[in-house]
Every structure is written in structure tokens, then in C-alpha cells.
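Undergrad: Just dropping this structure here.
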Amino acid sequence: MLILGSGPAGLSAAIYGARAGMNPIVVQGIQPGGQLTTTTEVENYPGFREVIQGPWLMQEMQAQAEHVGARMMYDHIASVDLSSRPFKLIGDGGTIYEGDTLVIATGAQAKWLGIESETLLRGKGVSACATCDGFFYRGKKVAVIGGGNTAVEEALYLTNHSQDVTLIHRRDSLRAEKILQDRLFAHPHIKVIWNHEVSRFIGGGQPEGLVAMELRDLNSGALQVIDVDGGFVAIGHQPATDIFKGHLALDNEGYMLVEPGRTMTNVPGVFACGDVADRIYRQAVTAAGTGCMAALDAERFLGHAG
Ligand code: FAD
Ligand code: NAP
């Protein structure tokens, strides 16, 4: 059994796959542990009364998977051959991994606004991960762009470092869950700018870094410039499916298409689970749940296919 990805979906599939005797190999990718390694507190994963840390949870999942016999490979997959069994995954360095069944759990990657100044200042004040980079903005002004759970959590997290946090959202209401919104609105160090988008990140200084953002009012078209040292883009994620284009059926947003309520892709023996196949829920617990389903589906497939 080959598993591609080591987030909650891939590692849950590995635990079930190992216990079912399918000798799983997990190719971890460049983000071992997946998206939860980029966050701090996780409060909604069942089983923990105390607040736990995302990186810790993922270390525990990996340790459990290894304990029951899953093997971890630190490699990134560049291409695939799913035309016949065994399926083949080809790593960046040319290593070929083969499996009689394949579970795809490649999750999702942060989306960017796509404006030129963002590309120029990425890593110089513009980031997509507050928990990774927030520390660099101690005592400075920061802004978060977005209105979902990630944006609100990032804004709240940044108050650990900064007393001047601005959330910029393109509409006049957030899509984040209510408990997070309540915390955001109650926080004395966070203000919200509604109905605005970032039209330009402005660099300055030597070495160059972000010094301001130009914002456009989406109702009036008026522009304003706000001083800011750190800009955190938190506008969602896109499924990591580039390597499967032309090999597997994807939907119009690039998510893996699976049978409704199941994990089967359009290639028998290839299963998909977690965020890569989920445009709706995208939670650690749902990723873990569908990882379990994929392993059970793979077990049934191997039982029938021999
Ligand atoms: P991911 O976690 O995205 O893992 C994908 C894996 O695939 C990675 O290991 C990556 O290295 C690997 N991979 C990708 N492409 C390749 C390739 N070509 N070759 C090899 N490997 C590859 N959910 C909650 O339930 N509670 C929370 O509190 C919460 N907080 C969050 C905070 C943040 C900042 C973010 C971004 C998300 C948060 N989520 C939370 C959502 C949760 O992290 C995801 O739903 C979950 O991680 C999805 O798991 P996954 O296994 O499907 O994919
Ligand atoms: P999301 O829910 O898709 O929200 C993305 C936000 O960015 C939306 O508010 C959207 O605006 C905005 N946006 C999108 N494109 C934009 C653009 N080009 N310019 C400006 N704004 C833009 O993404 P997410 O917040 O990353 O969450 C992803 C998933 O992970 C969700 O299912 C979420 O529940 C989960 N998650 C859970 C937790 C938790 O449980 N604590 C924490 C983090 C993430 P609109 O609102 O106008 O569309």
C-alpha cells in the first residue's frame, strides 16, 4: 500500500493500513505532518480536554503509524504512472515507489492573491503563515487578509506578538465560525477593515521589506494606504493535485473526484481522502476519518484484486 501525504488523512490511512497487514509506505512530501504543523492550538480534535498543539498532534499520529508498522519516506513526488498496477510514484530524485494500491492524501496549499507586488515581497514581509513568521513582527504593525477560520485564527495568534493587528476582508461579514468571530471582535488589539481588497503591497527600506499596503474600497473604488510591517495572506487553500492532471478525474476547482460518500477515484485501486478530495469540510478530524475510509476501501480492493 502506497500513501501519498503525511497529514491527518495519510497518517490515519497508514495506521489502518498497517494494522490490516498492507505494509504501507508513506511518502511524506515537503510538509511532513501537513497543514496542522503550521498552526499552534488545536481545540476541536476529539479526545483532548486540554488545548493541544498542531505539530505535537501530527508527531503523535506519525509515531502511532510507525509503531504499528508504517514506513515513512521523506520525498516529494514529481510524477505518477497509474496506467497499470503496480502504480508508480516517481520522486524528485528519480526514486520510484510502487504499490498495488495507492491512497492519495496530498491535502491543500495556501492560496495567494496573485498580484505582482505580493510575489516580489513574499518572504520580505508578506507571508501565508502567521504561526511560522509572526514572531518576526514583535511590537510591529501587522495585517491579515481573509475572512475564514484561518484568517481569524491568524489575527488572534498575531496578538501574541503585536498590539496592532488589522483584518482586511473583501465583504462585510466573516465566514469564520462564530466562536472565533466573537473572540476577534472582543479583542482590543484587532480592528477590521470591511469591503476592501489589497491592491498593492508597498516595499521600502534597505534591505527592502513591506512598509505599507494600498487598499481598494470595493464599494467606492477609493484607495487608501495603511502602514504595516507584516502582511499575512489567509484566503484559503487549493488542492495539491497538479501531478494528477490527465491521470485522474478532478473537479473544476482541481479537487480529486471520488464516488459520493466513498474514497474511490476513477482508477480502480486508487483512493483519495482528506482535503484533496473535500471542498466542503476540510477539518483534521474529517481528513482522519476519510483516511480511515480510504484504507478500508484499499483493503477491500486488494482482497478482491488479489
Ligand atoms: P494536509 O494536512 O494538507 O497534508 C498534505 C500532505 O501531503 C503533506 O504531508 C504534504 O507534504 C503532502 N504532499 C502534498 N503534495 C505532495 C507531493 N507531490 N509529494 C509528496 N507529498 C505531498 N482543522 C481542524 O480540524 N482544526 C484546526 O484547529 C485547524 N486549524 C488549522 C489551521 C491552519 C493555519 C490551517 C492551514 C488549517 C487548519 N485546519 C484545522 C485544517 C486542517 O489542517 C486540514 O483539514 C488537514 O490538515 C487536512 O489534512 P490532509 O491530510 O488532507 O492534508
Ligand atoms: P476559507 O474558509 O475558504 O476562507 C477563505 C477566506 O478568504 C474567505 O473569507 C474569502 O472571502 C477570502 N478570500 C478568498 N479569496 C480571496 C481573494 N482573492 N481576495 C481576498 N479575499 C479572498 O479558507 P480557510 O479560512 O483557510 O479555511 C479552510 C478550511 O480549513 C475551512 O474548512 C476551515 O473551516 C478549516 N479550518 C478550520 C479551523 C478550525 O477549525 N479552527 C482553522 C483553520 C481552518 P469570502 O468570505 O468573501 O469568500
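Letters A, B, ... go to the chains of the C-alpha cells in the order shown; residues in each chain start at 1; ligands are counted from 1 in the same order.
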Need the shell around stretch 2-17 of chain A: protein/DNA/RNA residues with any atom at most 6 Å away, counting only C-alpha atoms. Skip same-chain ones fewer than 6 positions apart. Format as number ranges by chain?

TA: A: 24-28, 32-34, 65, 70, 99, 102-106, 274, 284, 287-288, 291-292, 295

Undergrad: List all protein, DNA and RNA residues that have an atom no more than 10 Å from any atom of ligand 2, counting only C-alpha atoms and all ligand atoms, and report them as a ChimeraX atom specification.

TA: /A:35-36,39,41-45,108-115,145-154,168-177,179-180,195-199,233-238,275,278-285

Undergrad: Check the smallest atom-to-atom distance from each of A:Arg300, A:His76, A:Lys141, A:Arg85 to ligand 1 using only C-alpha atoms and all ligand atoms, then report the winner.

TA: A:His76

Undergrad: I'd like to know which residues of stretch 126-301 of chain A are strand (DSSP E or B) (by DSSP, run on the backbone); could you write them as a PyMOL selection string?

TA: chain A and resi 126-127+141-145+164-168+190-193+196-204+209-217+223-227+230-233+237-239+250+256+264+270-272

Undergrad: What is the distance between atom 44 (C, counted along the ligand's line) of ligand 1 and atom CA of A:Asp133, in Å to one decimal?

TA: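 Taking atom 44 (C, counted along the ligand's line) of ligand 1 and atom CA of A:Asp133, their separation equals 19.5 Å.
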
Undergrad: Give the answer as one residue: which of A:Pro260, A:Gly47, A:Gly107, A:Gly94 has the shortest atom-to-atom distance to ligand 1, using only C-alpha atoms and all ligand atoms?

TA: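 With only C-alpha atoms and all ligand atoms as the atom set, the closest residue is A:Gly107.
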
Undergrad: Report as a compact mmCIF listing (two decimals) with N, CA and C atoms, in the first residue's frame all protein, DNA and RNA residues lying within 8 Å of A:Met293, evaluated on only C-alpha atoms, omitting residues in the same chain fewer than 6 positions from it.

TA:
```txt
# COMPACT_ATOMS: atom_id res chain seq x y z
N ALA A 13 -4.75 6.74 7.31
CA ALA A 13 -4.76 5.62 6.36
C ALA A 13 -3.60 4.67 6.68
N ARG A 262 -17.68 7.91 -0.71
CA ARG A 262 -16.63 6.89 -0.70
C ARG A 262 -15.28 7.54 -1.01
N THR A 263 -14.25 6.73 -1.21
CA THR A 263 -12.93 7.29 -1.49
C THR A 263 -12.37 6.82 -2.84
N CYS A 273 -8.40 10.90 -0.14
CA CYS A 273 -9.01 11.23 1.14
C CYS A 273 -8.46 12.56 1.67
```

Undergrad: Just list as JSON, numbers by chain whatever in stretch 9-82 of chain A DSSP marks as helix (DSSP H, G or I).

TA: {"A": [9, 10, 11, 12, 13, 14, 15, 16, 17, 18, 19, 34, 35, 36, 37, 38, 54, 55, 56, 57, 58, 59, 60, 61, 62, 63, 64, 65, 66, 67]}

Undergrad: Just the residues within 8 Å of A:Gly254, please, counting only C-alpha atoms, with nothing from its chain fewer than 2 positions along; format it as a PyMOL selection string.

TA: chain A and resi 238-239+241+250-252+256

Undergrad: I need the chosen residues saved as a compact mmCIF listing (two decimals), in the first residue's frame, with N, CA and C atoms.

TA:
```
# COMPACT_ATOMS: atom_id res chain seq x y z
N GLN A 238 -5.62 25.66 -1.96
CA GLN A 238 -6.06 24.93 -3.15
C GLN A 238 -5.51 23.52 -3.11
N PRO A 239 -6.30 22.56 -3.64
CA PRO A 239 -5.89 21.16 -3.55
C PRO A 239 -4.60 20.88 -4.30
N THR A 241 -3.12 18.88 -6.50
CA THR A 241 -3.43 17.81 -7.46
C THR A 241 -2.73 17.97 -8.81
N LEU A 250 -10.62 15.16 -11.95
CA LEU A 250 -10.64 16.25 -10.97
C LEU A 250 -11.88 17.10 -11.24
N ASP A 251 -12.35 17.85 -10.23
CA ASP A 251 -13.47 18.74 -10.50
C ASP A 251 -12.95 20.08 -11.03
N ASN A 252 -13.87 21.03 -11.25
CA ASN A 252 -13.45 22.28 -11.90
C ASN A 252 -12.54 23.15 -11.03
N MET A 256 -9.89 16.29 -6.15
CA MET A 256 -9.99 14.93 -6.64
C MET A 256 -11.46 14.50 -6.62
```

Undergrad: Using only C-alpha atoms and all ligand atoms, which of the listed residues (A:Asn23, A:Asn219, A:Thr119, A:Gln62) sits closest to ligand 1?

TA: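 Checking each candidate against ligand 1, we get A:Gln62 as the closest.
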
Undergrad: Name the residues in contact with A:Ala155 at a cut-off of 9 Å, using only C-alpha atoms, excluding same-chain residues fewer than 3 positions from it; report them as an mmCIF file with C-alpha atoms, in the first residue's frame.

TA:
```
data_model
loop_
_atom_site.group_PDB
_atom_site.id
_atom_site.type_symbol
_atom_site.label_atom_id
_atom_site.label_comp_id
_atom_site.auth_asym_id
_atom_site.auth_seq_id
_atom_site.Cartn_x
_atom_site.Cartn_y
_atom_site.Cartn_z
ATOM 1 C CA ALA A 130 1.353 33.720 10.860
ATOM 2 C CA VAL A 142 0.550 43.550 11.006
ATOM 3 C CA ALA A 143 -2.435 42.855 8.765
ATOM 4 C CA VAL A 144 -4.236 39.660 7.847
ATOM 5 C CA THR A 150 -7.632 30.667 9.126
ATOM 6 C CA ALA A 151 -7.645 34.476 8.818
ATOM 7 C CA VAL A 152 -9.368 34.960 12.161
ATOM 8 C CA LEU A 158 -0.634 37.629 15.972
ATOM 9 C CA THR A 159 -1.842 39.471 19.068
ATOM 10 C CA VAL A 165 -3.440 43.834 14.132
ATOM 11 C CA THR A 166 -5.784 44.667 11.244
ATOM 12 C CA LEU A 167 -8.010 42.148 9.498
ATOM 13 C CA LEU A 184 -11.875 38.547 17.257
ATOM 14 C CA ILE A 190 -7.606 43.855 16.476
ATOM 15 C CA PHE A 232 -0.442 37.703 6.137
#
```
